[in-house]
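Engineer: To be precise about what I am sending: the file is called run25.cif and holds mmCIF, C-alpha atoms and all ligand atoms.
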data_upload
#
loop_
_atom_site.group_PDB
_atom_site.id
_atom_site.type_symbol
_atom_site.label_atom_id
_atom_site.label_comp_id
_atom_site.auth_asym_id
_atom_site.auth_seq_id
_atom_site.Cartn_x
_atom_site.Cartn_y
_atom_site.Cartn_z
ATOM 1 C CA MET X 1 -1.451 15.794 5.277
ATOM 2 C CA LEU X 2 1.202 13.410 3.898
ATOM 3 C CA ARG X 3 3.446 14.704 1.169
ATOM 4 C CA LEU X 4 6.408 13.169 -0.635
ATOM 5 C CA GLU X 5 8.484 15.850 -2.244
ATOM 6 C CA ASP X 6 11.029 14.905 -4.922
ATOM 7 C CA LEU X 7 11.823 11.723 -3.016
ATOM 8 C CA SER X 8 14.754 9.619 -4.197
ATOM 9 C CA VAL X 9 15.764 6.289 -2.645
ATOM 10 C CA ALA X 10 18.595 3.849 -3.387
ATOM 11 C CA TYR X 11 19.407 0.352 -2.134
ATOM 12 C CA GLY X 12 23.077 0.015 -1.207
ATOM 13 C CA GLY X 13 25.256 1.312 -3.985
ATOM 14 C CA ALA X 14 22.667 0.505 -6.656
ATOM 15 C CA LEU X 15 21.062 2.952 -9.035
ATOM 16 C CA PRO X 16 18.165 4.805 -7.408
ATOM 17 C CA SER X 17 14.945 2.803 -7.099
ATOM 18 C CA LEU X 18 12.929 5.994 -6.682
ATOM 19 C CA ARG X 19 13.736 9.126 -8.589
ATOM 20 C CA SER X 20 12.223 12.438 -7.572
ATOM 21 C CA VAL X 21 8.821 11.047 -6.655
ATOM 22 C CA SER X 22 6.209 13.558 -5.476
ATOM 23 C CA VAL X 23 2.899 12.359 -4.045
ATOM 24 C CA ASP X 24 0.208 14.239 -2.148
ATOM 25 C CA VAL X 25 -2.188 12.558 0.271
ATOM 26 C CA PRO X 26 -4.804 15.006 1.555
ATOM 27 C CA ALA X 27 -6.407 14.501 4.980
ATOM 28 C CA GLY X 28 -9.075 11.837 4.593
ATOM 29 C CA GLY X 29 -8.030 11.179 0.991
ATOM 30 C CA CYS X 30 -7.610 7.869 -0.788
ATOM 31 C CA VAL X 31 -4.646 7.788 -3.141
ATOM 32 C CA ALA X 32 -3.578 4.855 -5.308
ATOM 33 C CA LEU X 33 -0.003 4.095 -6.332
ATOM 34 C CA LEU X 34 -0.042 1.916 -9.433
ATOM 35 C CA GLY X 35 2.737 0.242 -11.325
ATOM 36 C CA ALA X 36 4.189 -3.040 -12.526
ATOM 37 C CA ASN X 37 6.486 -5.306 -10.519
ATOM 38 C CA GLY X 38 9.685 -3.513 -9.568
ATOM 39 C CA ALA X 39 8.289 -0.035 -10.272
ATOM 40 C CA GLY X 40 9.093 1.175 -6.752
ATOM 41 C CA LYS X 41 5.732 0.911 -4.979
ATOM 42 C CA THR X 42 6.923 -1.030 -1.930
ATOM 43 C CA THR X 43 10.025 1.139 -1.711
ATOM 44 C CA THR X 44 7.765 4.209 -1.511
ATOM 45 C CA LEU X 45 5.838 2.600 1.324
ATOM 46 C CA ARG X 46 9.062 1.658 3.120
ATOM 47 C CA ALA X 47 10.220 5.262 2.865
ATOM 48 C CA ILE X 48 6.986 6.539 4.429
ATOM 49 C CA SER X 49 7.038 3.984 7.247
ATOM 50 C CA ARG X 50 10.761 4.673 7.923
ATOM 51 C CA ASN X 51 11.574 1.086 7.160
ATOM 52 C CA LEU X 52 14.253 1.581 4.488
ATOM 53 C CA SER X 53 17.379 0.957 6.538
ATOM 54 C CA ARG X 54 16.226 -2.573 7.422
ATOM 55 C CA HIS X 55 16.309 -3.289 3.727
ATOM 56 C CA GLY X 56 19.664 -1.642 3.126
ATOM 57 C CA ALA X 57 18.191 1.420 1.438
ATOM 58 C CA LYS X 58 18.191 5.121 2.210
ATOM 59 C CA ILE X 59 16.695 8.392 1.116
ATOM 60 C CA THR X 60 19.133 10.119 -1.208
ATOM 61 C CA GLY X 61 17.050 13.175 -1.962
ATOM 62 C CA GLY X 62 13.804 14.959 -1.200
ATOM 63 C CA ARG X 63 11.535 14.923 1.822
ATOM 64 C CA ILE X 64 8.500 13.352 3.416
ATOM 65 C CA HIS X 65 6.212 15.706 5.297
ATOM 66 C CA PHE X 66 3.489 14.566 7.653
ATOM 67 C CA ASP X 67 1.337 17.230 9.292
ATOM 68 C CA GLY X 68 3.951 19.762 8.244
ATOM 69 C CA GLU X 69 6.770 17.861 9.988
ATOM 70 C CA ASP X 70 9.735 16.204 8.305
ATOM 71 C CA LEU X 71 9.329 12.439 8.868
ATOM 72 C CA ALA X 72 13.068 11.873 8.486
ATOM 73 C CA ARG X 73 13.460 12.950 12.107
ATOM 74 C CA HIS X 74 11.295 10.111 13.347
ATOM 75 C CA SER X 75 11.894 6.412 13.944
ATOM 76 C CA MET X 76 9.724 3.623 12.613
ATOM 77 C CA SER X 77 7.805 3.340 15.895
ATOM 78 C CA ASP X 78 7.394 7.143 16.118
ATOM 79 C CA VAL X 79 5.764 7.088 12.721
ATOM 80 C CA VAL X 80 3.272 4.446 13.870
ATOM 81 C CA ALA X 81 2.623 6.440 17.029
ATOM 82 C CA ARG X 82 1.833 9.430 14.807
ATOM 83 C CA GLY X 83 -0.804 7.393 13.046
ATOM 84 C CA ILE X 84 0.864 6.048 9.893
ATOM 85 C CA VAL X 85 0.233 2.299 9.883
ATOM 86 C CA GLN X 86 1.018 -0.177 7.144
ATOM 87 C CA VAL X 87 -0.352 -3.471 5.931
ATOM 88 C CA PRO X 88 2.788 -4.920 4.396
ATOM 89 C CA GLU X 89 3.212 -6.805 1.166
ATOM 90 C CA GLY X 90 2.332 -10.488 1.602
ATOM 91 C CA ARG X 91 0.140 -9.765 4.679
ATOM 92 C CA ARG X 92 2.644 -11.209 7.201
ATOM 93 C CA ILE X 93 0.257 -12.256 9.900
ATOM 94 C CA LEU X 94 1.564 -14.603 12.593
ATOM 95 C CA GLY X 95 0.405 -18.077 11.596
ATOM 96 C CA SER X 96 0.999 -19.760 14.941
ATOM 97 C CA LEU X 97 -1.089 -17.167 16.799
ATOM 98 C CA THR X 98 -4.872 -16.952 16.793
ATOM 99 C CA VAL X 99 -6.883 -14.272 15.034
ATOM 100 C CA GLU X 100 -7.531 -12.609 18.385
ATOM 101 C CA GLU X 101 -3.829 -12.664 19.324
ATOM 102 C CA ASN X 102 -2.840 -11.210 15.958
ATOM 103 C CA LEU X 103 -5.275 -8.359 16.501
ATOM 104 C CA ARG X 104 -3.969 -7.737 20.007
ATOM 105 C CA ILE X 105 -0.459 -7.249 18.618
ATOM 106 C CA GLY X 106 -1.757 -4.405 16.466
ATOM 107 C CA ALA X 107 -3.006 -2.631 19.592
ATOM 108 C CA ALA X 108 0.266 -2.836 21.511
ATOM 109 C CA ARG X 109 0.321 0.927 22.100
ATOM 110 C CA ARG X 110 -3.257 1.339 23.147
ATOM 111 C CA SER X 111 -5.068 0.952 26.430
ATOM 112 C CA ARG X 112 -6.911 -2.292 27.106
ATOM 113 C CA LYS X 113 -10.220 -0.480 26.903
ATOM 114 C CA GLN X 114 -9.412 1.112 23.546
ATOM 115 C CA ALA X 115 -8.129 -2.203 22.223
ATOM 116 C CA ILE X 116 -11.325 -4.033 23.138
ATOM 117 C CA ALA X 117 -13.503 -1.332 21.589
ATOM 118 C CA THR X 118 -11.526 -1.381 18.340
ATOM 119 C CA ARG X 119 -11.442 -5.175 18.272
ATOM 120 C CA ASP X 120 -15.227 -5.214 18.436
ATOM 121 C CA GLU X 121 -15.344 -2.773 15.491
ATOM 122 C CA VAL X 122 -12.924 -4.970 13.538
ATOM 123 C CA TYR X 123 -15.127 -8.010 14.169
ATOM 124 C CA GLU X 124 -18.133 -6.013 13.008
ATOM 125 C CA LEU X 125 -16.307 -5.062 9.824
ATOM 126 C CA PHE X 126 -15.102 -8.650 9.269
ATOM 127 C CA PRO X 127 -17.676 -11.130 10.614
ATOM 128 C CA ARG X 128 -15.499 -13.961 9.234
ATOM 129 C CA LEU X 129 -12.756 -12.977 11.663
ATOM 130 C CA ALA X 130 -15.218 -12.933 14.557
ATOM 131 C CA GLU X 131 -16.260 -16.486 13.664
ATOM 132 C CA ARG X 132 -12.654 -17.601 13.545
ATOM 133 C CA GLN X 133 -11.246 -15.577 16.433
ATOM 134 C CA HIS X 134 -9.755 -18.600 18.204
ATOM 135 C CA GLN X 135 -8.287 -20.187 15.072
ATOM 136 C CA ARG X 136 -4.641 -19.933 14.233
ATOM 137 C CA GLY X 137 -3.661 -17.568 11.420
ATOM 138 C CA LEU X 138 -2.212 -20.294 9.248
ATOM 139 C CA LEU X 139 -5.614 -21.983 8.991
ATOM 140 C CA LEU X 140 -7.200 -18.919 7.383
ATOM 141 C CA SER X 141 -7.780 -18.565 3.642
ATOM 142 C CA GLY X 142 -5.789 -15.938 1.720
ATOM 143 C CA GLY X 143 -8.728 -13.525 1.818
ATOM 144 C CA GLU X 144 -9.201 -14.018 5.547
ATOM 145 C CA GLN X 145 -5.487 -13.466 6.140
ATOM 146 C CA GLN X 146 -5.722 -10.190 4.214
ATOM 147 C CA MET X 147 -8.710 -9.194 6.336
ATOM 148 C CA LEU X 148 -6.728 -10.049 9.467
ATOM 149 C CA ALA X 149 -3.764 -7.998 8.259
ATOM 150 C CA ILE X 150 -6.070 -5.019 7.652
ATOM 151 C CA GLY X 151 -7.811 -5.613 10.992
ATOM 152 C CA ARG X 152 -4.492 -5.696 12.803
ATOM 153 C CA ALA X 153 -3.526 -2.343 11.258
ATOM 154 C CA LEU X 154 -6.891 -0.849 12.278
ATOM 155 C CA MET X 155 -6.182 -1.908 15.873
ATOM 156 C CA ALA X 156 -3.495 0.810 15.952
ATOM 157 C CA ALA X 157 -6.123 3.477 15.114
ATOM 158 C CA PRO X 158 -4.376 4.774 11.978
ATOM 159 C CA ARG X 159 -4.825 8.272 10.601
ATOM 160 C CA VAL X 160 -3.198 7.068 7.394
ATOM 161 C CA LEU X 161 -3.421 3.434 6.337
ATOM 162 C CA LEU X 162 -0.804 2.186 3.869
ATOM 163 C CA LEU X 163 -1.842 -0.964 1.990
ATOM 164 C CA ASP X 164 0.663 -2.875 -0.137
ATOM 165 C CA GLU X 165 -1.096 -4.915 -2.844
ATOM 166 C CA PRO X 166 -4.028 -6.128 -0.750
ATOM 167 C CA SER X 167 -5.600 -7.842 -3.793
ATOM 168 C CA LEU X 168 -2.548 -9.936 -4.652
ATOM 169 C CA GLY X 169 -3.381 -13.598 -5.217
ATOM 170 C CA LEU X 170 -7.038 -13.275 -4.222
ATOM 171 C CA ALA X 171 -10.098 -14.388 -6.197
ATOM 172 C CA PRO X 172 -12.098 -11.568 -7.892
ATOM 173 C CA ILE X 173 -15.019 -11.871 -5.491
ATOM 174 C CA ILE X 174 -12.696 -11.480 -2.491
ATOM 175 C CA VAL X 175 -10.946 -8.570 -4.211
ATOM 176 C CA SER X 176 -14.294 -6.737 -4.500
ATOM 177 C CA GLN X 177 -14.993 -7.397 -0.823
ATOM 178 C CA ILE X 178 -11.590 -5.999 0.138
ATOM 179 C CA ALA X 179 -12.251 -2.972 -2.118
ATOM 180 C CA GLU X 180 -15.556 -2.313 -0.321
ATOM 181 C CA VAL X 181 -13.868 -2.600 3.064
ATOM 182 C CA ILE X 182 -11.167 -0.098 2.050
ATOM 183 C CA LYS X 183 -13.844 2.318 0.803
ATOM 184 C CA GLY X 184 -15.606 1.981 4.154
ATOM 185 C CA ILE X 185 -12.438 2.611 6.162
ATOM 186 C CA ASN X 186 -11.725 5.696 4.071
ATOM 187 C CA ALA X 187 -15.327 6.941 4.319
ATOM 188 C CA ALA X 188 -14.988 6.735 8.113
ATOM 189 C CA GLY X 189 -12.190 9.329 7.923
ATOM 190 C CA THR X 190 -8.918 7.391 7.652
ATOM 191 C CA ALA X 191 -6.684 8.491 4.796
ATOM 192 C CA VAL X 192 -5.549 5.589 2.602
ATOM 193 C CA VAL X 193 -2.540 4.978 0.369
ATOM 194 C CA LEU X 194 -3.435 1.982 -1.767
ATOM 195 C CA ILE X 195 -0.595 0.275 -3.611
ATOM 196 C CA GLU X 196 -1.841 -1.986 -6.372
ATOM 197 C CA GLN X 197 -1.003 -3.692 -9.630
ATOM 198 C CA ASN X 198 -4.733 -4.215 -10.006
ATOM 199 C CA ALA X 199 -5.551 -0.797 -11.475
ATOM 200 C CA ALA X 200 -9.225 -1.592 -11.990
ATOM 201 C CA MET X 201 -9.644 -2.286 -8.301
ATOM 202 C CA ALA X 202 -7.494 0.629 -7.138
ATOM 203 C CA LEU X 203 -9.149 3.204 -9.413
ATOM 204 C CA SER X 204 -12.570 2.078 -8.219
ATOM 205 C CA VAL X 205 -11.547 2.835 -4.630
ATOM 206 C CA ALA X 206 -9.144 5.797 -4.804
ATOM 207 C CA THR X 207 -10.007 9.383 -5.685
ATOM 208 C CA SER X 208 -6.610 10.076 -7.206
ATOM 209 C CA ALA X 209 -3.719 7.963 -8.422
ATOM 210 C CA TYR X 210 -0.069 8.010 -9.409
ATOM 211 C CA VAL X 211 1.533 5.583 -11.845
ATOM 212 C CA LEU X 212 5.107 4.598 -11.029
ATOM 213 C CA GLU X 213 7.349 3.361 -13.788
ATOM 214 C CA LEU X 214 10.971 2.422 -13.191
ATOM 215 C CA GLY X 215 11.034 4.539 -10.044
ATOM 216 C CA SER X 216 9.444 7.718 -11.415
ATOM 217 C CA VAL X 217 5.902 9.028 -11.550
ATOM 218 C CA SER X 218 4.872 8.740 -15.199
ATOM 219 C CA LEU X 219 1.228 9.734 -14.797
ATOM 220 C CA SER X 220 -0.979 11.193 -12.097
ATOM 221 C CA GLY X 221 -4.442 12.631 -11.771
ATOM 222 C CA SER X 222 -7.924 11.916 -10.516
ATOM 223 C CA SER X 223 -9.006 8.287 -10.793
ATOM 224 C CA ALA X 224 -11.656 9.318 -13.314
ATOM 225 C CA GLU X 225 -9.091 11.089 -15.518
ATOM 226 C CA LEU X 226 -6.585 8.256 -15.275
ATOM 227 C CA SER X 227 -9.125 5.563 -16.146
ATOM 228 C CA GLU X 228 -9.580 7.351 -19.461
ATOM 229 C CA THR X 229 -5.911 7.547 -20.431
ATOM 230 C CA ASP X 230 -4.595 5.234 -23.127
ATOM 231 C CA THR X 231 -1.738 3.957 -20.963
ATOM 232 C CA ILE X 232 -4.049 2.790 -18.224
ATOM 233 C CA GLN X 233 -6.553 1.409 -20.717
ATOM 234 C CA HIS X 234 -3.951 -0.603 -22.570
ATOM 235 C CA LEU X 235 -1.628 -1.684 -19.820
ATOM 236 C CA TYR X 236 -3.986 -2.309 -16.982
ATOM 237 C CA LEU X 237 -7.620 -2.343 -17.970
ATOM 238 C CA GLY X 238 -7.814 -4.064 -21.348
ATOM 239 C CA HIS X 239 -10.258 -3.054 -24.060
ATOM 240 C CA SER X 240 -13.437 -3.971 -22.248
ATOM 241 C CA GLY X 241 -12.454 -2.129 -19.101
ATOM 242 C CA GLU X 242 -12.059 -5.439 -17.307
ATOM 243 C CA GLU X 243 -8.836 -6.124 -15.533
ATOM 244 C CA VAL X 244 -6.104 -8.058 -17.262
ATOM 245 C CA PRO X 245 -2.764 -9.064 -15.757
ATOM 246 C CA PRO X 246 -0.429 -6.057 -15.801
ATOM 247 C CA ALA X 247 2.453 -6.055 -18.236
ATOM 248 C CA SER X 248 5.752 -7.375 -16.894
ATOM 249 C CA PRO X 249 8.347 -4.641 -16.243
ATOM 250 C CA HIS X 250 10.192 -5.861 -19.321
ATOM 251 C CA GLU X 251 7.190 -5.542 -21.631
ATOM 252 C CA GLN X 252 6.206 -2.292 -20.035
ATOM 253 C CA SER X 253 9.565 -0.655 -20.457
ATOM 254 C CA ASN X 254 9.585 -1.697 -24.112
ATOM 255 C CA VAL X 255 6.301 0.052 -24.597
ATOM 256 C CA LEU X 256 6.994 3.155 -22.614
ATOM 257 C CA ARG X 257 10.702 3.845 -22.461
ATOM 258 C CA PRO X 258 11.400 6.833 -24.680
ATOM 259 C CA TRP X 259 13.430 5.880 -27.676
ATOM 260 C CA THR X 260 16.977 7.226 -27.718
ATOM 261 C CA ASP X 261 19.015 6.860 -30.814
ATOM 262 C CA PRO X 262 22.051 4.735 -29.753
ATOM 263 C CA ARG X 263 24.251 6.823 -32.053
ATOM 264 C CA SER X 264 23.421 10.038 -30.206
ATOM 265 C CA ALA X 265 25.039 8.585 -27.060
ATOM 266 C CA ALA X 266 28.358 8.046 -28.848
HETATM 267 N N1 LIG X 301 15.893 -5.286 -0.586
HETATM 268 C C1 LIG X 301 16.265 -4.822 -1.786
HETATM 269 N N2 LIG X 301 17.575 -4.762 -2.146
HETATM 270 C C2 LIG X 301 17.959 -4.289 -3.348
HETATM 271 N N3 LIG X 301 17.100 -3.812 -4.279
HETATM 272 C C3 LIG X 301 15.792 -3.847 -3.987
HETATM 273 C C4 LIG X 301 15.295 -4.332 -2.732
HETATM 274 N N4 LIG X 301 13.949 -4.227 -2.720
HETATM 275 C C5 LIG X 301 13.619 -3.689 -3.909
HETATM 276 N N5 LIG X 301 14.713 -3.453 -4.672
HETATM 277 C C6 LIG X 301 14.741 -2.877 -6.023
HETATM 278 O O1 LIG X 301 14.029 -1.641 -6.024
HETATM 279 C C7 LIG X 301 13.206 -1.540 -7.180
HETATM 280 C C8 LIG X 301 11.776 -1.279 -6.749
HETATM 281 O O2 LIG X 301 11.299 -2.402 -6.038
HETATM 282 P P1 LIG X 301 9.931 -2.398 -5.259
HETATM 283 O O3 LIG X 301 9.783 -1.121 -4.545
HETATM 284 O O4 LIG X 301 9.883 -3.638 -4.467
HETATM 285 O O5 LIG X 301 8.884 -2.445 -6.465
HETATM 286 P P2 LIG X 301 7.337 -2.825 -6.478
HETATM 287 O O6 LIG X 301 6.845 -2.853 -5.065
HETATM 288 O O7 LIG X 301 6.713 -1.749 -7.295
HETATM 289 O O8 LIG X 301 7.220 -4.155 -7.129
HETATM 290 C C9 LIG X 301 13.400 -2.815 -7.971
HETATM 291 O O9 LIG X 301 14.336 -2.556 -8.992
HETATM 292 C C10 LIG X 301 13.956 -3.775 -6.971
HETATM 293 O O10 LIG X 301 14.805 -4.715 -7.577
HETATM 294 MG MG MG X 302 5.973 -4.404 -4.024
#
Show me this structure written as structure tokens.
Ligand SMILES: Nc1ncnc2c1ncn2[C@@H]1O[C@H](COP(=O)(O)OP(=O)(O)O)[C@@H](O)[C@H]1O
Ligand SMILES: [Mg+2]
Structural biologist:
Amino acid sequence: MLRLEDLSVAYGGALPSLRSVSVDVPAGGCVALLGANGAGKTTTLRAISRNLSRHGAKITGGRIHFDGEDLARHSMSDVVARGIVQVPEGRRILGSLTVEENLRIGAARRSRKQAIATRDEVYELFPRLAERQHQRGLLLSGGEQQMLAIGRALMAAPRVLLLDEPSLGLAPIIVSQIAEVIKGINAAGTAVVLIEQNAAMALSVATSAYVLELGSVSLSGSSAELSETDTIQHLYLGHSGEEVPPASPHEQSNVLRPWTDPRSAA
């Protein structure tokens, strides 16, 4: 349904941040994009949501297909209207508005009747939000803000939901709740692209995954296959299979960058 084909992206005149990235998201699928800080995960999401130019970046090669159409022809709002909705990095809910008002913003394109029906579903999915519907966003905990950000995206009735590091900064118990919610959303038929540094969480939710390293896909496969690979075990899962903090980009590139003899470059 959604396919990135040899996608390359660069910010300004800088070296490309994405290099020939290919990712396949089948209808109803749940695909994880893993990688350390700076690997290119958010840039991939910005490319899909047509949000690159705001950040001074552009596509320098390749294509994004959605339902067989080239997304490059569409604006950011067109893409949302087609059903690709994102939950951005850092949640970005509106702190001065109430929970209810934040949700309403997500339904800007829908009829009042549809919006009310979806809001009721969102409150069913997140009883905490129902309890706090008249509270301002800034009074919510981090986990509740993440729930609100997901709820707001659901208000737009997405066909594909893009989530950028939903587990970031949240306690393990909240992370498992968020994981269950994402599984539920996917089971109800919405395709999901889950961006995470928390590989243990992402691989427990997604059916397939891609590992980004310095802007390229270094590994991909089913979540089951990837959980078994040495790279994932060492870098992201630790020996016991429990999550450990991911390696910094610096450490990671020392481990994984192929060695080139400096003399051969001369
Ligand atoms: N607004 C920006 N301007 C210039 N470079 C950027 C910008 N945003 C990201 N980059 C660069 O693009 C690369 C990928 O970043 P990003 O997609 O944010 O990675 P991730 O989300 O995996 O942490 C990094 O090298 C980063 O420095
Ligand atoms: Mg990011």
Engineer: Measuring atom to atom with only C-alpha atoms, identify which of X:Gly215, X:Asn198, X:Glu89, X:Val181 is nearest to X:Pro16.
Structural biologist: X:Gly215
Engineer: Select, counting all atoms listed in the file, all protein, DNA and RNA residues no farther than 6 Å from (0.2, 16.7, 2.3) in file coordinates, and express the selection as a ChimeraX atom specification.
Structural biologist: /X:1-3,24-26
Engineer: Let me make sure I understand: among X:Ile174, X:Val85, X:Leu194, X:Leu203, which one has the smallest atom-to-atom distance to X:Leu154 if we use only C-alpha atoms?
Structural biologist: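 Closest candidate: X:Val85.
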Engineer: Write out as JSON lines the residues of chain X that have any atom within 7 Å of an atom of ligand MG 302 (chain X), one row each with the nearest atom pair and its distance in Å to one decimal, counting only C-alpha atoms and all ligand atoms, sorted by chain and then rising number.
Structural biologist:
{"residue": "X:Asn37", "atom": "CA", "partner": "X:MG302", "partner_atom": "MG", "distance": 6.6}
{"residue": "X:Gly38", "atom": "CA", "partner": "X:MG302", "partner_atom": "MG", "distance": 6.7}
{"residue": "X:Gly40", "atom": "CA", "partner": "X:MG302", "partner_atom": "MG", "distance": 6.9}
{"residue": "X:Lys41", "atom": "CA", "partner": "X:MG302", "partner_atom": "MG", "distance": 5.4}
{"residue": "X:Thr42", "atom": "CA", "partner": "X:MG302", "partner_atom": "MG", "distance": 4.1}
{"residue": "X:Glu89", "atom": "CA", "partner": "X:MG302", "partner_atom": "MG", "distance": 6.4}
{"residue": "X:Asp164", "atom": "CA", "partner": "X:MG302", "partner_atom": "MG", "distance": 6.8}
Engineer: Hey, which residues come within 9 Å of ligand LIG 301 (chain X) if we count all atoms listed in the file? Could you give them as JSON, numbers by chain?
Structural biologist: {"X": [9, 10, 11, 12, 14, 15, 16, 17, 18, 33, 34, 35, 36, 37, 38, 39, 40, 41, 42, 43, 44, 45, 46, 52, 54, 55, 56, 57, 89, 164, 165, 195, 196, 197, 212, 213, 214, 215]}
Engineer: Just checking: using only C-alpha atoms, which residue out of X:Gly83, X:Gly90, X:Gly151, X:Gly29 ends up closest to X:Leu103?
Structural biologist: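 Once distances to X:Leu103 are computed over only C-alpha atoms, the minimum belongs to X:Gly151.
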Engineer: What is the distance between atom CA of X:His65 and atom CA of X:Val79, in Å to one decimal?
Structural biologist: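 Computed distance, atom CA of X:His65 to atom CA of X:Val79, equals 11.4 Å.
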Engineer: So, counting only C-alpha atoms, which residue among X:Ala107, X:Ala206, X:Ala156, X:Ile178 is closest to X:Ile84?
Structural biologist: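 Between X:Ala107, X:Ala206, X:Ala156, X:Ile178, the residue approaching X:Ile84 most closely is X:Ala156.
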Engineer: Assuming the chain letters and numbering stay as they are in my file, what does the PyMOL selection byres (((chain X and resi 95) around 7) and not hetatm) actually select? List them as a ChimeraX atom specification.
Structural biologist: /X:93-94,96-97,136-138
Engineer: Between atom CA of X:Gly143 and atom CA of X:Val31, what is the distance, to one decimal in Å?
Structural biologist: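 Interatomic distance, atom CA of X:Gly143 to atom CA of X:Val31: 22.3 Å.
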Engineer: For X:Val21, which residue out of X:Ala224, X:Pro158, X:Ser218, X:Glu131 is the nearest one, using all atoms listed in the file?
Structural biologist: X:Ser218
Engineer: Between atom CA of X:Leu139 and atom CA of X:Ala171, what is the distance, to one decimal in Å?
Structural biologist: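 Taking atom CA of X:Leu139 as the start and atom CA of X:Ala171 as the end point, the length is 17.6 Å.
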Engineer: With only C-alpha atoms as the basis for distance, which of X:Ser227, X:Gln133, X:Ser141, X:Thr98 is at the shortest distance from X:Val211?
Structural biologist: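 When distances to X:Val211 are compared using only C-alpha atoms, the smallest one comes from X:Ser227.
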Engineer: Let me know the residues the PyMOL selection byres (((chain X and resi 191) around 8) and not hetatm) catches in the file above, as a ChimeraX atom specification.
Structural biologist: /X:25-30,159-161,186,189-190,192-193
Engineer: Using only the atoms of stretch 199-202 of chain X listed in the file, plus 8 Å on each side, state the axis-aligned box centre and edge lengths in Å rounded to one decimal, as JSON.
Structural biologist:
{"center_x": -7.6, "center_y": -0.8, "center_z": -9.6, "size_x": 20.1, "size_y": 18.9, "size_z": 20.9}
Engineer: I want to know what sits within 6 Å of X:Gly106, based on all atoms listed in the file, with residues of the same chain fewer than 5 positions away left out; could you give that as a PyMOL selection string?
Structural biologist: chain X and resi 152-153+155-156
Engineer: Just the residues within 9 Å of X:Glu144, please, counting all atoms listed in the file, with nothing from its chain fewer than 6 positions along; format it as a list in words.
Structural biologist: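 So the residues in contact are Phe126, Arg128, Leu129 and Gly137 of chain X.
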